[in-house]
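What follows is model_16.txt (compact mmCIF, C-alpha atoms and all ligand atoms).
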```txt
# COMPACT_ATOMS: atom_id res chain seq x y z
CA MET A 1 103.94 106.95 125.18
CA LEU A 2 101.09 109.33 125.85
CA PRO A 3 99.47 108.96 129.26
CA ARG A 4 96.15 107.09 129.35
CA THR A 5 94.12 110.26 130.01
CA ASP A 6 95.69 111.98 126.97
CA ILE A 7 94.89 109.04 124.66
CA LEU A 8 91.31 109.02 125.93
CA ALA A 9 90.98 112.79 125.46
CA ARG A 10 92.31 112.58 121.90
CA LEU A 11 89.92 109.74 121.06
CA ARG A 12 87.00 111.87 122.22
CA GLU A 13 88.33 115.06 120.58
CA THR A 14 85.98 116.88 118.19
CA ASP A 15 87.77 120.22 117.74
CA PRO A 16 88.91 120.29 114.05
CA ALA A 17 92.10 122.24 114.88
CA LYS A 18 93.17 119.71 117.52
CA LEU A 19 92.32 116.80 115.23
CA GLU A 20 94.47 118.35 112.50
CA GLU A 21 97.29 118.70 115.04
CA LEU A 22 97.00 114.96 115.84
CA ARG A 23 97.03 114.09 112.13
CA ARG A 24 100.13 116.23 111.49
CA GLN A 25 101.92 114.72 114.46
CA ALA A 26 101.21 111.13 113.28
CA ASP A 27 102.16 112.02 109.70
CA ALA A 28 105.50 113.48 110.86
CA VAL A 29 106.28 110.40 113.00
CA ARG A 30 105.41 108.18 110.01
CA ARG A 31 107.73 110.15 107.71
CA GLU A 32 110.60 110.11 110.22
CA ASN A 33 110.36 106.36 110.96
CA VAL A 34 109.14 104.55 107.82
CA GLY A 35 109.67 107.24 105.19
CA ASP A 36 107.47 108.59 102.41
CA ASP A 37 107.29 105.46 100.26
CA VAL A 38 103.99 103.57 100.15
CA HIS A 39 104.52 99.81 99.95
CA LEU A 40 102.07 97.81 97.85
CA ARG A 41 101.36 94.23 98.97
CA GLY A 42 99.55 91.89 96.58
CA LEU A 43 96.62 90.33 98.46
CA ILE A 44 95.57 86.81 97.41
CA GLU A 45 92.48 85.46 99.19
CA ILE A 46 93.29 81.79 98.85
CA SER A 47 90.26 80.20 100.56
CA ASN A 48 86.95 81.31 102.10
CA HIS A 49 86.39 78.02 103.95
CA CYS A 50 86.49 78.45 107.72
CA ARG A 51 85.89 76.13 110.68
CA ARG A 52 85.41 79.06 113.12
CA ARG A 53 82.32 81.02 114.12
CA CYS A 54 83.59 84.53 114.86
CA LEU A 55 80.49 86.56 115.62
CA TYR A 56 81.30 89.41 113.19
CA CYS A 57 82.57 87.56 110.12
CA GLY A 58 80.62 86.66 106.98
CA LEU A 59 82.89 83.66 106.36
CA ARG A 60 81.93 81.98 109.66
CA ALA A 61 81.20 78.26 109.36
CA ASP A 62 77.49 78.77 110.17
CA ASN A 63 76.87 81.04 107.18
CA ALA A 64 75.33 78.63 104.67
CA ARG A 65 74.78 81.42 102.13
CA VAL A 66 78.45 81.66 101.20
CA ARG A 67 79.62 79.76 98.12
CA ARG A 68 82.93 78.33 99.26
CA TYR A 69 86.13 78.15 97.19
CA ARG A 70 89.75 77.20 97.64
CA MET A 71 92.39 78.29 95.10
CA THR A 72 94.70 75.66 93.66
CA GLY A 73 98.47 75.85 94.04
CA ASP A 74 98.75 76.78 90.33
CA GLU A 75 96.21 79.62 90.73
CA ILE A 76 98.08 80.98 93.77
CA LEU A 77 101.39 80.87 91.90
CA ALA A 78 99.81 82.65 88.88
CA SER A 79 98.53 85.45 91.19
CA ALA A 80 101.97 85.70 92.83
CA ARG A 81 103.48 86.15 89.35
CA ARG A 82 101.08 89.07 88.75
CA ALA A 83 102.38 90.66 91.97
CA ALA A 84 105.96 90.29 90.74
CA GLU A 85 105.03 91.72 87.30
CA PHE A 86 103.55 94.81 88.98
CA GLY A 87 106.80 95.21 90.95
CA TYR A 88 105.31 94.42 94.38
CA GLY A 89 107.73 93.12 97.01
CA THR A 90 105.21 91.05 98.97
CA VAL A 91 102.28 88.70 98.52
CA VAL A 92 99.78 88.17 101.32
CA LEU A 93 98.15 84.73 101.31
CA GLN A 94 94.96 85.21 103.28
CA GLY A 95 92.15 82.80 104.11
CA GLY A 96 89.82 81.47 106.76
CA GLU A 97 90.87 78.68 109.12
CA ASP A 98 90.47 76.09 106.39
CA PRO A 99 91.27 72.55 107.65
CA ASN A 100 91.97 71.46 104.07
CA ILE A 101 94.83 73.92 103.87
CA THR A 102 97.12 71.44 105.53
CA GLY A 103 100.61 72.16 106.79
CA GLU A 104 102.35 70.22 104.04
CA TRP A 105 100.09 71.45 101.21
CA LEU A 106 100.75 75.11 101.99
CA ALA A 107 104.45 74.48 102.67
CA GLU A 108 104.71 73.16 99.10
CA VAL A 109 102.95 76.28 97.70
CA ILE A 110 105.38 78.49 99.66
CA ARG A 111 108.35 76.49 98.36
CA ARG A 112 107.08 76.85 94.78
CA ILE A 113 106.77 80.65 95.11
CA LYS A 114 110.27 80.86 96.59
CA ALA A 115 111.74 78.56 93.89
CA ASP A 116 110.10 80.20 90.84
CA PRO A 117 112.55 82.64 89.18
CA ALA A 118 109.68 85.13 88.63
CA THR A 119 108.53 85.19 92.26
CA CYS A 120 111.54 84.09 94.33
CA ASP A 121 112.24 87.62 95.64
CA LEU A 122 108.72 88.15 97.00
CA ALA A 123 108.26 88.25 100.76
CA ILE A 124 105.38 85.94 101.74
CA THR A 125 102.92 87.04 104.39
CA LEU A 126 100.42 84.51 105.74
CA SER A 127 97.07 85.36 107.32
CA LEU A 128 95.32 82.05 107.95
CA GLY A 129 94.01 82.25 111.50
CA GLU A 130 94.99 80.28 114.58
CA ARG A 131 97.14 77.38 113.46
CA SER A 132 99.22 74.86 115.39
CA GLU A 133 102.83 75.57 116.35
CA GLU A 134 103.92 72.67 114.08
CA GLU A 135 102.20 74.19 111.04
CA LEU A 136 103.49 77.70 111.77
CA ALA A 137 107.06 76.37 112.20
CA LEU A 138 106.77 74.29 109.00
CA TRP A 139 105.58 77.28 106.94
CA ARG A 140 108.36 79.45 108.37
CA SER A 141 110.98 76.88 107.45
CA ALA A 142 109.42 76.54 103.96
CA GLY A 143 110.09 80.27 103.41
CA ALA A 144 107.12 82.25 104.81
CA ASP A 145 108.34 85.61 106.10
CA ARG A 146 105.43 87.23 107.93
CA TYR A 147 102.22 86.32 109.74
CA LEU A 148 99.16 88.48 110.39
CA LEU A 149 96.83 87.64 113.27
CA ARG A 150 94.52 90.39 114.50
CA PHE A 151 93.25 90.10 118.08
CA GLU A 152 90.47 92.61 117.21
CA THR A 153 90.01 93.76 120.84
CA SER A 154 92.17 93.60 123.95
CA ASN A 155 89.05 93.38 126.17
CA ARG A 156 89.20 89.67 127.15
CA ARG A 157 85.49 89.42 127.89
CA LEU A 158 84.54 90.90 124.51
CA TYR A 159 87.30 88.92 122.76
CA GLU A 160 85.95 85.65 124.14
CA LYS A 161 82.38 86.59 123.22
CA ILE A 162 83.20 87.32 119.57
CA HIS A 163 85.72 84.48 119.10
CA PRO A 164 84.12 81.24 120.31
CA PRO A 165 87.11 78.91 120.89
CA ARG A 166 87.76 75.96 118.58
CA SER A 167 88.67 73.79 121.54
CA PRO A 168 89.19 74.64 125.22
CA ASP A 169 92.94 73.90 125.12
CA ALA A 170 93.74 75.64 121.79
CA LYS A 171 96.10 78.64 122.02
CA ASP A 172 94.26 81.88 121.35
CA ARG A 173 95.51 84.83 119.32
CA PHE A 174 97.14 86.54 122.33
CA ALA A 175 99.20 83.40 123.03
CA LEU A 176 100.11 82.89 119.36
CA LEU A 177 101.52 86.38 118.74
CA PRO A 178 104.66 85.98 120.93
CA MET A 179 105.12 82.45 119.55
CA LEU A 180 105.12 83.82 115.98
CA LYS A 181 107.89 86.24 116.99
CA ARG A 182 109.89 83.38 118.53
CA LEU A 183 109.55 81.45 115.27
CA GLY A 184 111.22 84.38 113.51
CA TYR A 185 108.18 85.78 111.67
CA GLU A 186 107.66 89.47 111.09
CA VAL A 187 104.42 89.71 113.03
CA GLY A 188 101.26 91.71 112.42
CA THR A 189 98.11 92.20 114.42
CA GLY A 190 95.24 94.67 114.62
CA ILE A 191 91.82 95.59 115.87
CA MET A 192 88.31 96.64 114.88
CA VAL A 193 86.97 100.01 115.97
CA GLY A 194 83.36 100.32 117.13
CA ILE A 195 82.55 96.69 117.96
CA PRO A 196 79.18 96.57 119.79
CA GLY A 197 80.00 96.45 123.50
CA GLN A 198 83.48 98.02 123.07
CA SER A 199 84.32 101.11 125.16
CA TYR A 200 86.69 104.05 124.74
CA ASN A 201 88.77 102.58 127.55
CA ASP A 202 89.05 99.36 125.51
CA LEU A 203 90.51 101.36 122.60
CA VAL A 204 93.05 102.93 124.97
CA ALA A 205 93.93 99.42 126.20
CA ASP A 206 94.34 98.30 122.56
CA ILE A 207 96.95 101.01 122.01
CA GLU A 208 98.69 100.09 125.27
CA LEU A 209 98.80 96.45 124.14
CA PHE A 210 100.26 97.47 120.76
CA LYS A 211 102.92 99.39 122.66
CA LYS A 212 103.70 96.34 124.80
CA LEU A 213 103.72 93.80 121.93
CA GLN A 214 105.51 96.12 119.45
CA PRO A 215 104.10 94.34 116.37
CA ASP A 216 105.83 94.88 113.04
CA MET A 217 102.52 95.47 111.23
CA ILE A 218 99.23 96.82 112.62
CA GLY A 219 95.89 96.87 110.79
CA LEU A 220 92.93 98.96 112.00
CA GLY A 221 89.49 98.94 110.47
CA PRO A 222 85.99 99.94 111.50
CA PHE A 223 83.55 97.22 112.57
CA LEU A 224 81.27 96.67 109.55
CA PRO A 225 78.11 94.71 110.37
CA HIS A 226 77.40 91.67 108.20
CA PRO A 227 73.68 90.77 108.14
CA GLU A 228 74.41 87.02 108.19
CA THR A 229 76.28 87.20 111.52
CA PRO A 230 75.12 87.42 115.16
CA LEU A 231 77.01 90.70 115.74
CA GLY A 232 75.69 92.18 112.49
CA ARG A 233 72.14 91.56 113.70
CA GLU A 234 72.79 92.97 117.18
CA SER A 235 71.76 96.59 117.67
CA ARG A 236 74.68 98.83 118.58
CA PRO A 237 74.34 100.96 121.68
CA ALA A 238 74.64 104.56 120.46
CA GLY A 239 76.71 107.27 122.16
CA GLY A 240 77.91 107.12 125.74
CA ASP A 241 80.98 104.98 126.14
CA GLN A 242 80.41 103.05 122.86
CA PRO A 243 82.90 104.35 120.28
CA SER A 244 81.54 104.90 116.79
CA ASN A 245 82.63 102.65 113.94
CA ASP A 246 83.03 105.68 111.68
CA GLU A 247 86.01 106.92 109.68
CA MET A 248 87.08 109.66 112.09
CA THR A 249 87.26 107.35 115.12
CA THR A 250 89.30 104.88 113.05
CA TRP A 251 91.66 107.64 111.86
CA LYS A 252 92.17 108.85 115.43
CA MET A 253 93.09 105.26 116.39
CA LEU A 254 95.40 105.04 113.38
CA ALA A 255 97.22 108.23 114.38
CA LEU A 256 97.54 107.21 118.05
CA THR A 257 98.82 103.78 116.99
CA ARG A 258 101.48 105.42 114.81
CA LEU A 259 102.58 107.51 117.81
CA ALA A 260 102.74 104.37 120.01
CA CYS A 261 104.53 102.18 117.44
CA PRO A 262 106.52 104.53 115.19
CA ALA A 263 108.48 101.77 113.40
CA ALA A 264 105.54 99.53 112.44
CA ASN A 265 104.09 99.13 108.96
CA ILE A 266 100.46 100.28 109.03
CA PRO A 267 98.13 99.73 106.06
CA GLY A 268 95.19 101.79 104.90
CA THR A 269 92.55 99.06 105.22
CA THR A 270 89.88 97.87 102.80
CA ALA A 271 87.32 98.17 105.62
CA LEU A 272 87.93 101.94 105.76
CA ALA A 273 87.73 102.15 101.97
CA THR A 274 84.40 100.30 102.14
CA LEU A 275 83.01 103.13 104.31
CA ASN A 276 84.43 105.77 101.99
CA PRO A 277 85.52 104.42 98.58
CA ALA A 278 86.32 107.94 97.29
CA ASP A 279 89.39 108.78 99.34
CA ALA A 280 89.71 106.71 102.53
CA TYR A 281 92.96 105.13 101.35
CA GLU A 282 94.55 108.52 100.68
CA THR A 283 93.28 109.94 103.96
CA SER A 284 94.67 106.92 105.85
CA LEU A 285 98.07 107.56 104.27
CA GLN A 286 97.89 111.09 105.70
CA TRP A 287 96.94 109.89 109.21
CA GLY A 288 99.97 107.61 109.68
CA ALA A 289 99.56 104.68 107.25
CA ASN A 290 102.33 103.65 104.82
CA VAL A 291 101.04 100.45 103.15
CA VAL A 292 98.21 99.52 100.74
CA MET A 293 97.19 95.99 99.74
CA PRO A 294 95.91 95.81 96.14
CA ASN A 295 93.69 92.78 95.69
CA LEU A 296 95.10 90.20 93.23
CA THR A 297 92.54 87.48 93.96
CA PRO A 298 90.99 86.27 90.67
CA PRO A 299 87.67 88.18 90.25
CA GLU A 300 85.52 85.01 90.32
CA TYR A 301 86.75 84.32 93.87
CA ARG A 302 87.16 87.86 95.13
CA ARG A 303 83.44 88.61 95.37
CA LEU A 304 82.97 85.42 97.44
CA TYR A 305 85.46 86.56 100.10
CA GLU A 306 82.86 88.60 101.95
CA ILE A 307 83.93 89.14 105.57
CA TYR A 308 81.61 92.19 105.50
CA PRO A 309 79.21 93.31 102.76
CA ASN A 310 79.93 95.64 99.81
CA LYS A 311 83.68 95.25 100.23
CA ALA A 312 85.71 97.93 98.42
CA ASP A 313 87.91 96.80 95.50
CA ALA A 314 85.66 93.80 94.78
CA ARG A 315 85.18 94.73 91.15
CA GLU A 316 88.34 96.41 89.85
CA SER A 317 90.75 94.21 87.94
CA ALA A 318 94.27 93.83 89.34
CA GLU A 319 95.55 96.03 86.47
CA GLU A 320 92.99 98.79 87.15
CA PHE A 321 93.74 98.75 90.84
CA HIS A 322 97.49 98.87 90.25
CA GLU A 323 97.36 101.73 87.73
CA THR A 324 94.97 103.75 89.90
CA TRP A 325 97.20 103.25 92.89
CA VAL A 326 100.41 104.39 91.28
CA ARG A 327 98.53 107.56 90.19
CA ARG A 328 97.00 108.15 93.62
CA ILE A 329 100.31 107.72 95.47
CA THR A 330 102.12 110.04 93.07
CA ALA A 331 99.35 112.65 93.44
CA LEU A 332 100.00 112.64 97.20
CA GLY A 333 103.65 113.49 96.53
CA ARG A 334 104.73 110.09 97.85
CA GLY A 335 106.72 107.34 96.10
CA VAL A 336 105.83 103.69 95.45
CA GLY A 337 107.99 101.49 97.69
CA VAL A 338 110.53 99.21 96.04
CA GLY A 339 111.57 95.84 97.49
CA ARG A 340 110.14 93.88 100.41
CA GLY A 341 109.40 96.84 102.66
CA ASP A 342 110.21 95.05 105.92
CA SER A 343 109.30 97.15 108.94
CA PRO A 344 112.17 98.92 110.72
CA SER A 345 111.07 97.24 113.98
CA TYR A 346 111.57 93.79 112.40
CA LEU A 347 114.91 94.74 110.82
CA GLN A 348 116.18 95.96 114.22
CA ARG A 349 115.08 92.68 115.85
CA ALA A 350 116.67 90.57 113.12
CA ALA A 351 119.95 92.53 113.38
CA MET A 352 120.05 92.06 117.17
CA LEU A 353 119.37 88.34 116.80
CA MET A 354 122.19 88.00 114.27
CA GLU A 355 124.58 89.90 116.55
CA THR A 356 123.69 87.68 119.54
CA THR A 357 124.12 84.52 117.45
CA MET A 358 127.56 85.69 116.29
CA LEU A 359 128.60 86.55 119.85
CA LEU A 360 127.43 83.17 121.15
CA SER A 361 129.24 81.31 118.37
CA LYS A 362 132.47 83.15 119.28
CA LYS A 363 132.06 82.19 122.97
CA THR A 364 131.34 78.52 122.30
CA PRO A 365 134.56 76.62 123.04
CA ARG A 366 135.87 74.47 120.22
CA ILE A 367 136.01 70.77 120.89
CA SER A 368 139.37 69.58 119.69
CA ARG A 369 139.48 66.39 117.76
CA ILE A 370 141.56 63.64 119.27
S1 LIG B 1 87.44 86.05 111.29
FE1 LIG B 1 88.78 84.53 110.34
S2 LIG B 1 88.68 82.77 111.74
FE2 LIG B 1 86.92 84.07 112.25
S3 LIG B 1 85.21 83.22 111.00
FE3 LIG B 1 86.18 84.87 109.81
S4 LIG B 1 87.68 83.89 108.50
FE4 LIG B 1 87.11 82.45 110.13
```
Written as structure tokens, how would this file's structure read?
Ligand code: SF4
Amino acid sequence: MLPRTDILARLRETDPAKLEELRRQADAVRRENVGDDVHLRGLIEISNHCRRRCLYCGLRADNARVRRYRMTGDEILASARRAAEFGYGTVVLQGGEDPNITGEWLAEVIRRIKADPATCDLAITLSLGERSEEELALWRSAGADRYLLRFETSNRRLYEKIHPPRSPDAKDRFALLPMLKRLGYEVGTGIMVGIPGQSYNDLVADIELFKKLQPDMIGLGPFLPHPETPLGRESRPAGGDQPSNDEMTTWKMLALTRLACPAANIPGTTALATLNPADAYETSLQWGANVVMPNLTPPEYRRLYEIYPNKADARESAEEFHETWVRRITALGRGVGVGRGDSPSYLQRAAMLMETTMLLSKKTPRISRI
């Protein structure tokens, strides 16, 4: 792990030669640890209802301008079949904290995906906000494989400002991440870069927290202001200790995260592609990323899932996105990943757990029948 002062210096670096050195270093660590294949995950935005009021998010409960939708179980299964047809190894079921997505309802959807001959081999990633331990355990036992829960910033004061709690005793995202690991999920988290009020030291602390938590997946995107949110209307302090929410600052964070967590899966995010639709995905893949999430949400819903405005990939059909992506990955000299694409960090953890279980079962004395 780089010392704190080195991380800070690299985040503030402007010399093109030194930035290229950082990029090469992250790209080499990526190749050595997760290989050259780019894994495609089919993203299905299953609901834009949300009971929360996160200060940066266009789906917040207070935004009356959003037309709300919730996909049916049949629609979700049909989108999962598209993912399987394209050869993807994973579907990501993403949504707001929708109280009508109940534990049992979603467990049944997960069971259907796992039972359908066309989709049974897909890994299922959930990204549905802060849910109760009972729901998370139920979904895991129904067949869910992974859970994404971004803490967005490790600065507790800023975290609490931008995530008003649902109830004073509810577990927050920091408390839920270790619990998700205990439940056996492959766990993802992430941050936003350039949140108003964030500092360079906060970004260093984010990387240190990644190092401590060792997540299996890490998503990084720039803060993109949404005009219908309190943070989107707040003026950003410019310069000084406020990091920019631009592409370069996000790429520096991506590279430093790859160096801190070599075995994690790291996607090129839609937020970065929204800043630069031309080539942000490709550039991310050259700064340490190894995953892309093509959007398989039916078009009539996709444009309503507006966490931030002018979201990239809102218009392309699933077919267009898929074909473009295979071409773009090949042009980079990389291959399209086959299979589930579990992160090496998760596979190591799962292997250790299996070994411990076997050892314990050997040590347990047999109770002889009388
Ligand atoms: S960030 Fe997630 S939990 Fe917060 S308002 Fe948006 S959808 Fe809801």
Go through the chains and note each residue within 6 Å of ligand LIG 1 (chain B), using all atoms listed in the file, then give the set as a compact mmCIF listing (two decimals) with C-alpha atoms, keeping the file's coordinate frame.
```txt
# COMPACT_ATOMS: atom_id res chain seq x y z
CA CYS A 50 86.49 78.45 107.72
CA ARG A 52 85.41 79.06 113.12
CA ARG A 53 82.32 81.02 114.12
CA CYS A 54 83.59 84.53 114.86
CA CYS A 57 82.57 87.56 110.12
CA LEU A 59 82.89 83.66 106.36
CA ARG A 60 81.93 81.98 109.66
CA GLY A 96 89.82 81.47 106.76
CA GLU A 97 90.87 78.68 109.12
CA GLY A 129 94.01 82.25 111.50
```
Q. What is the CA of Met71 (chain A)-CA of Ile46 (chain A) distance in Å, reported with one decimal?
A.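 Taking CA of Met71 (chain A) and CA of Ile46 (chain A), their separation equals 5.2 Å.
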(Q) Measuring between only C-alpha atoms, which one of A:Gly240, A:Pro227, A:Pro309, A:Pro215 shows the shortest distance to Gly197 (chain A)? (A)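 Looking only at the distances to Gly197 (chain A), the closest residue turns out to be A:Gly240.
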Which residues of region 268-312 of chain A come within 9 Å of region 324-338 of chain A, and what is each one's closest atom pair and distance in Å (one decimal), counting only C-alpha atoms, sorted by chain and residue number, as a tab-separated table?
```
residue	atom	partner	partner_atom	distance
A:Glu282	CA	A:Arg328	CA	7.5
A:Leu285	CA	A:Leu332	CA	8.9
A:Gln286	CA	A:Leu332	CA	8.9
A:Val291	CA	A:Gly337	CA	8.9
A:Val292	CA	A:Trp325	CA	8.7
A:Pro294	CA	A:Trp325	CA	8.2
```
Q: Would you mind telling me which residue in A:Ala314, A:Leu180, A:Leu158, A:Ala280 lies nearest to Pro298 (chain A) when using only C-alpha atoms?
A: A:Ala314
(Q) For a quick check of your reading of the model, name the residues lying within 10 Å of the coordinate (100.7, 99.7, 110.3), counting all atoms listed in the file, and write them as a PyMOL selection string. (A) chain A and resi 30+188-190+215-220+254+257-258+261-269+288-292+343
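With distances restricted to all atoms listed in the file, A:Val187 is the closest residue to Leu148 (chain A) from A:Val187, A:Leu347, A:Leu203, A:Ala123.
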(Q) Rounded to one decimal, what separation in Å do you get between CA of Ile195 (chain A) and CA of Met253 (chain A)? (A)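 Distance reported for this atom pair: 13.7 Å.
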Q) Distance CA of Arg12 (chain A)-CA of Leu272 (chain A), one decimal place? A)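 Going from CA of Arg12 (chain A) over to CA of Leu272 (chain A), I get 19.2 Å.
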**Q.** Within-12 Å shell of (98.1, 98.3, 86.9) in input frame, all atoms listed in the file, as number ranges by chain
**A.** A: 40, 42, 82-88, 294-296, 316-328
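Among the candidates A:Tyr305, A:Thr229, A:Asn201, A:Arg41, the one nearest to Ala9 (chain A) when counting only C-alpha atoms is A:Asn201.
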Q | From A:Ala142, A:Leu77, A:Val92, A:Ala17, residue lying nearest Pro117 (chain A) [only C-alpha atoms] | A |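 Checking each candidate against Pro117 (chain A), we get A:Leu77 as the closest.
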Q) Quick one: of A:Arg173, A:Lys212, A:Arg233, A:Arg81, who's nearest to Ile44 (chain A), counting all atoms listed in the file? A) A:Arg81
(Q) Would you pick out the contacts of region 109-113 of chain A at 10 Å or less, using all atoms listed in the file, so that residues sharing its chain but fewer than 5 positions from it are not included, and give the list as a PyMOL selection string? (A) chain A and resi 72-74+76-78+80-81+91+93+104+118-124+126+139-144
With N, CA and C atoms retained, output region 250-275 of chain A as an mmCIF file, in the first residue's frame.
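Wrote decode-v9.cif, looks like this:
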```
data_model
loop_
_atom_site.group_PDB
_atom_site.id
_atom_site.type_symbol
_atom_site.label_atom_id
_atom_site.label_comp_id
_atom_site.auth_asym_id
_atom_site.auth_seq_id
_atom_site.Cartn_x
_atom_site.Cartn_y
_atom_site.Cartn_z
ATOM 1 N N THR A 250 -11.167 11.167 -11.570
ATOM 2 C CA THR A 250 -11.784 9.847 -11.392
ATOM 3 C C THR A 250 -10.837 8.742 -11.868
ATOM 4 N N TRP A 251 -10.135 8.991 -12.977
ATOM 5 C CA TRP A 251 -9.188 7.966 -13.457
ATOM 6 C C TRP A 251 -8.031 7.774 -12.479
ATOM 7 N N LYS A 252 -7.558 8.893 -11.899
ATOM 8 C CA LYS A 252 -6.483 8.751 -10.893
ATOM 9 C C LYS A 252 -6.983 7.877 -9.739
ATOM 10 N N MET A 253 -8.222 8.121 -9.294
ATOM 11 C CA MET A 253 -8.789 7.312 -8.197
ATOM 12 C C MET A 253 -8.914 5.846 -8.623
ATOM 13 N N LEU A 254 -9.319 5.656 -9.877
ATOM 14 C CA LEU A 254 -9.471 4.282 -10.380
ATOM 15 C C LEU A 254 -8.123 3.547 -10.319
ATOM 16 N N ALA A 255 -7.077 4.226 -10.804
ATOM 17 C CA ALA A 255 -5.750 3.603 -10.829
ATOM 18 C C ALA A 255 -5.262 3.315 -9.411
ATOM 19 N N LEU A 256 -5.433 4.273 -8.505
ATOM 20 C CA LEU A 256 -4.953 4.079 -7.128
ATOM 21 C C LEU A 256 -5.752 2.983 -6.429
ATOM 22 N N THR A 257 -7.033 2.860 -6.763
ATOM 23 C CA THR A 257 -7.857 1.789 -6.193
ATOM 24 C C THR A 257 -7.373 0.437 -6.698
ATOM 25 N N ARG A 258 -7.040 0.355 -7.984
ATOM 26 C CA ARG A 258 -6.512 -0.908 -8.525
ATOM 27 C C ARG A 258 -5.213 -1.301 -7.811
ATOM 28 N N LEU A 259 -4.372 -0.299 -7.511
ATOM 29 C CA LEU A 259 -3.111 -0.619 -6.820
ATOM 30 C C LEU A 259 -3.400 -1.092 -5.392
ATOM 31 N N ALA A 260 -4.446 -0.525 -4.756
ATOM 32 C CA ALA A 260 -4.766 -0.898 -3.363
ATOM 33 C C ALA A 260 -5.495 -2.240 -3.280
ATOM 34 N N CYS A 261 -6.297 -2.545 -4.285
ATOM 35 C CA CYS A 261 -7.103 -3.785 -4.274
ATOM 36 C C CYS A 261 -6.901 -4.518 -5.600
ATOM 37 N N PRO A 262 -5.741 -5.148 -5.787
ATOM 38 C CA PRO A 262 -5.409 -5.715 -7.107
ATOM 39 C C PRO A 262 -6.398 -6.772 -7.582
ATOM 40 N N ALA A 263 -7.018 -7.524 -6.637
ATOM 41 C CA ALA A 263 -7.836 -8.674 -7.046
ATOM 42 C C ALA A 263 -9.324 -8.347 -7.149
ATOM 43 N N ALA A 264 -9.687 -7.071 -7.087
ATOM 44 C CA ALA A 264 -11.115 -6.713 -7.168
ATOM 45 C C ALA A 264 -11.549 -6.563 -8.627
ATOM 46 N N ASN A 265 -12.841 -6.769 -8.876
ATOM 47 C CA ASN A 265 -13.410 -6.407 -10.173
ATOM 48 C C ASN A 265 -13.792 -4.932 -10.125
ATOM 49 N N ILE A 266 -13.359 -4.183 -11.135
ATOM 50 C CA ILE A 266 -13.625 -2.732 -11.150
ATOM 51 C C ILE A 266 -14.267 -2.372 -12.488
ATOM 52 N N PRO A 267 -15.490 -1.852 -12.474
ATOM 53 C CA PRO A 267 -16.129 -1.507 -13.754
ATOM 54 C C PRO A 267 -15.749 -0.111 -14.254
ATOM 55 N N GLY A 268 -15.833 0.059 -15.554
ATOM 56 C CA GLY A 268 -15.875 1.396 -16.139
ATOM 57 C C GLY A 268 -17.317 1.853 -15.961
ATOM 58 N N THR A 269 -17.541 2.970 -15.286
ATOM 59 C CA THR A 269 -18.917 3.311 -14.883
ATOM 60 C C THR A 269 -19.653 4.172 -15.910
ATOM 61 N N THR A 270 -20.983 4.053 -15.864
ATOM 62 C CA THR A 270 -21.841 4.859 -16.744
ATOM 63 C C THR A 270 -21.675 6.345 -16.432
ATOM 64 N N ALA A 271 -21.409 6.677 -15.164
ATOM 65 C CA ALA A 271 -21.245 8.099 -14.793
ATOM 66 C C ALA A 271 -20.056 8.695 -15.548
ATOM 67 N N LEU A 272 -18.968 7.938 -15.667
ATOM 68 C CA LEU A 272 -17.816 8.446 -16.426
ATOM 69 C C LEU A 272 -18.172 8.583 -17.904
ATOM 70 N N ALA A 273 -18.919 7.588 -18.416
ATOM 71 C CA ALA A 273 -19.312 7.638 -19.830
ATOM 72 C C ALA A 273 -20.291 8.781 -20.093
ATOM 73 N N THR A 274 -20.993 9.228 -19.056
ATOM 74 C CA THR A 274 -21.907 10.361 -19.222
ATOM 75 C C THR A 274 -21.101 11.652 -19.417
ATOM 76 N N LEU A 275 -19.950 11.745 -18.725
ATOM 77 C CA LEU A 275 -19.079 12.910 -18.915
ATOM 78 C C LEU A 275 -18.436 12.898 -20.297
#
```
